[in-house]
Amino acid sequence: MMHDIIIIGAGPAGMTAAIYGRRASKTVLMIEAKSYGGQIINTPDIENYPVAPHISGFDFAMKVFEQATALGAETVFEKAVKITPHDGIFTVTTNKADHDGKTVIIATGSENRKLGLPDEDRLVGRGVSYCATCDGAFFRSKTVAVVGGGNTALEDALYLSELAKTVYLIHRRDEFRGAEATAEQLRGRENVKFVLNSTVTALHAEKRLKSITVKNKNGDETELEVNGLFVAVGRIPENQNFAEVAELDGAGYVIAGEDCRTNTPGIFAAGDNRVKEVRQLVTAASDGAAAATEAVKYLNSNR
């Protein structure tokens with residue numbers, strides 16, 4: 001079956017694109033490798049999405065998926081591995097089938113780079129977080145640690161220093177990769193403590209995170225009591241399968257602007273997998289709306 005719009009990924013960006021595509025009376029197929037909702041389903045409490053404060057990520061995802069489905073969007077749970085342009089259409093090859101579409105929206109998102117420690121996954125939402133702006137408010141007047149040395153880590157530590165009692169900034173080197181101006185601001189904060197030439201080697205918890213073990217370059221270990229650990233060691237965009245049709249930057253993100261258009265006409269990118277400054281739930285939904293709107297314009301101009 002030929003679809004007007006094929007969306008690879010059923011996270012917030014992909015599902016929003018499906019809603020906008022269907023509202024424009026276009027046929028829509030979402031291809032999702034895992035479960036709809038993306039990473040947001042692991043968030044126990046969403047506080048920063050307009051109109052829907054204090055809703056779980058799972059409930060949010062379910063409502064958006066139900067809305068898209070009620071409008072007529074179709075979904076298959078398959079892993080997309082390739083996009084092949086031919087004769088003015090695109091064939092999306094998955095691990096199970098081929099699907100033809102007139103346009104494609106790549107909304108595969110990105111994964112947080114993890115520390116790879118035992119219990120790390122279990123403690124997500126129970127003290128371990130990958131998003132300071134999402135979860136920082138839960139740690140007011142508490143002790144937290146940030147791991148990383150890039151701009152995200154520095155900005156997370158600065159943001160958390162306004163909320164938390166104490167912020168440990170842990171980095172494996174003695175110099176930061178992030179902006180020196182931000183690092184200098186952090187040096188001026190009395191509640192920020194630098195733990196350099198060090199790595200986190202263990203998490204200690206019962207129901208929630210209680211402390212972490214930090215090991216320095218000399219092999220000495222220290223246990224720090226913390227209520228929260230914010231991991232900011234990078235993200236991994238899931239775009240490599242589509243590099244032939246969507247140009248990527250050096251970090252693997254799709255190069256696409258606010259109109260979500262890629263270098264291939266008819267292919268768009270939406271959400272955390274495209275080059276952008278802010279990667280939040282609300283900006284993913286915004287991308288989905290923009291990408292679908294541009295796809296509809298493309299379809300209407302290429303009838």
# chains A, B, ... in the order shown; residues from 1 in each chain; ligands from 1
$ residues_around --residues "A:Arg140" --least-positions-apart "6" --cutoff "10 Å" --atoms "only C-alpha atoms" --output "list in words"
Leu160, Ser161, Glu162, Leu163, Ala164, Lys165 and Thr166 of chain A
$ write_last_selection --atoms "C-alpha atoms" --output "PDB file, in the first residue's frame"
ATOM      1  CA  LEU A 160      21.026  22.726  39.390  1.00  0.00           C
ATOM      2  CA  SER A 161      23.137  25.079  41.504  1.00  0.00           C
ATOM      3  CA  GLU A 162      20.077  27.355  41.652  1.00  0.00           C
ATOM      4  CA  LEU A 163      17.996  24.531  43.112  1.00  0.00           C
ATOM      5  CA  ALA A 164      20.149  22.067  44.985  1.00  0.00           C
ATOM      6  CA  LYS A 165      21.951  22.394  48.283  1.00  0.00           C
ATOM      7  CA  THR A 166      25.165  20.935  46.853  1.00  0.00           C
TER       8      THR A 166
END
$ select_by_dssp --residues "stretch 133-288 of chain A" --states "strand (DSSP E)" --output "VMD selection string"
chain A and resid 143 to 147 166 to 170 192 to 195 198 to 205 209 to 216 221 to 225 228 to 231 235 to 237 267 to 269
$ write_last_selection --atoms "C-alpha atoms" --output "PDB file, in the first residue's frame"
ATOM      1  CA  THR A 143      22.558  17.017  47.100  1.00  0.00           C
ATOM      2  CA  VAL A 144      23.147  16.008  43.492  1.00  0.00           C
ATOM      3  CA  ALA A 145      26.012  15.123  41.172  1.00  0.00           C
ATOM      4  CA  VAL A 146      26.500  15.871  37.484  1.00  0.00           C
ATOM      5  CA  VAL A 147      28.773  13.683  35.356  1.00  0.00           C
ATOM      6  CA  THR A 166      25.165  20.935  46.853  1.00  0.00           C
ATOM      7  CA  VAL A 167      26.203  20.056  43.293  1.00  0.00           C
ATOM      8  CA  TYR A 168      29.175  17.784  42.625  1.00  0.00           C
ATOM      9  CA  LEU A 169      30.525  18.187  39.098  1.00  0.00           C
ATOM     10  CA  ILE A 170      32.417  15.030  38.171  1.00  0.00           C
ATOM     11  CA  VAL A 192      29.332  23.640  43.415  1.00  0.00           C
ATOM     12  CA  LYS A 193      32.173  21.220  44.166  1.00  0.00           C
ATOM     13  CA  PHE A 194      34.504  20.028  41.391  1.00  0.00           C
ATOM     14  CA  VAL A 195      35.542  16.379  41.338  1.00  0.00           C
ATOM     15  CA  SER A 198      37.490  11.083  38.342  1.00  0.00           C
ATOM     16  CA  THR A 199      34.809   8.668  37.171  1.00  0.00           C
ATOM     17  CA  VAL A 200      31.688   7.225  38.756  1.00  0.00           C
ATOM     18  CA  THR A 201      32.250   3.504  39.284  1.00  0.00           C
ATOM     19  CA  ALA A 202      29.226   2.390  41.330  1.00  0.00           C
ATOM     20  CA  LEU A 203      25.694   3.370  42.321  1.00  0.00           C
ATOM     21  CA  HIS A 204      24.335   2.524  45.766  1.00  0.00           C
ATOM     22  CA  ALA A 205      20.623   2.367  46.393  1.00  0.00           C
ATOM     23  CA  LEU A 209      19.782   6.321  44.864  1.00  0.00           C
ATOM     24  CA  LYS A 210      21.629   6.985  48.123  1.00  0.00           C
ATOM     25  CA  SER A 211      25.270   7.406  47.139  1.00  0.00           C
ATOM     26  CA  ILE A 212      27.845   6.924  44.400  1.00  0.00           C
ATOM     27  CA  THR A 213      31.430   5.700  44.339  1.00  0.00           C
ATOM     28  CA  VAL A 214      33.916   7.972  42.596  1.00  0.00           C
ATOM     29  CA  LYS A 215      37.385   6.787  41.574  1.00  0.00           C
ATOM     30  CA  ASN A 216      40.183   9.230  40.756  1.00  0.00           C
ATOM     31  CA  GLU A 221      37.788   5.688  45.748  1.00  0.00           C
ATOM     32  CA  THR A 222      35.389   7.976  47.591  1.00  0.00           C
ATOM     33  CA  GLU A 223      31.718   7.446  48.366  1.00  0.00           C
ATOM     34  CA  LEU A 224      29.571  10.548  47.948  1.00  0.00           C
ATOM     35  CA  GLU A 225      26.096  10.715  49.450  1.00  0.00           C
ATOM     36  CA  GLY A 228      20.388  12.549  42.431  1.00  0.00           C
ATOM     37  CA  LEU A 229      22.850  11.768  39.669  1.00  0.00           C
ATOM     38  CA  PHE A 230      22.554  13.653  36.380  1.00  0.00           C
ATOM     39  CA  VAL A 231      24.382  11.925  33.543  1.00  0.00           C
ATOM     40  CA  ARG A 235      23.677  11.401  23.301  1.00  0.00           C
ATOM     41  CA  ILE A 236      23.572   8.900  20.463  1.00  0.00           C
ATOM     42  CA  PRO A 237      21.246   9.840  17.559  1.00  0.00           C
ATOM     43  CA  ILE A 267      12.464  13.519   3.432  1.00  0.00           C
ATOM     44  CA  PHE A 268      12.155  15.396   6.722  1.00  0.00           C
ATOM     45  CA  ALA A 269      13.605  15.030  10.223  1.00  0.00           C
TER      46      ALA A 269
END
$ residues_around --residues "A:Asp287" --least-positions-apart "6" --cutoff "7 Å" --atoms "only C-alpha atoms" --output "count of residues only"
4
$ select_by_dssp --residues "stretch 179-217 of chain A" --states "alpha helix (DSSP H)" --output "number ranges by chain"
A: 180-187
$ residues_around --residues "A:Ala17" --least-positions-apart "4" --cutoff "12 Å" --atoms "only C-alpha atoms" --output "PyMOL selection string"
chain A and resi 5-13+21-24+26-30+64-65+67-68+71+73+104-107+260+268-271+284-296
$ residues_around --residues "stretch 90-95 of chain A" --least-positions-apart "6" --cutoff "6 Å" --atoms "only C-alpha atoms" --output "list in words"
Lys79, Ala80, Val81, Lys82, Ile83, Thr84 and Gly101 of chain A
$ write_last_selection --atoms "C-alpha atoms" --output "short mmCIF file (atom, residue, chain, number, x, y, z; two decimals), in the first residue's frame"
data_model
loop_
_atom_site.label_atom_id
_atom_site.label_comp_id
_atom_site.auth_asym_id
_atom_site.auth_seq_id
_atom_site.Cartn_x
_atom_site.Cartn_y
_atom_site.Cartn_z
CA LYS A 79 12.77 -1.79 12.76
CA ALA A 80 13.44 0.54 9.82
CA VAL A 81 16.86 -0.15 8.34
CA LYS A 82 16.93 1.72 5.03
CA ILE A 83 15.25 4.35 2.87
CA THR A 84 15.49 3.90 -0.90
CA GLY A 101 5.56 6.35 0.79
#
$ atom_distance --atom1 "atom CA of A:Met62" --atom2 "atom CA of A:Ile40"
10.7 Å
$ residues_around --residues "A:Arg177" --least-positions-apart "3" --cutoff "9 Å" --atoms "only C-alpha atoms" --output "ChimeraX atom specification"
/A:149-151,180
$ write_last_selection --atoms "C-alpha atoms" --output "JSON list (two decimals), in the first residue's frame"
[["chain", "number", "residue", "atom", "x", "y", "z"],
["A", 149, "GLY", "CA", 32.63, 17.84, 30.92],
["A", 150, "GLY", "CA", 30.87, 19.30, 27.90],
["A", 151, "ASN", "CA", 28.48, 22.22, 27.57],
["A", 180, "GLU", "CA", 35.11, 28.39, 29.75]]
$ closest_residue --among "A:Asp45, A:Glu78, A:Glu111, A:Glu247" --to "A:Val233" --atoms "only C-alpha atoms"
A:Glu111
$ atom_distance --atom1 "atom CA of A:Glu244" --atom2 "atom CA of A:Ala256"
14.7 Å
$ atom_distance --atom1 "atom CA of A:Met1" --atom2 "atom CA of A:Thr75"
13.3 Å
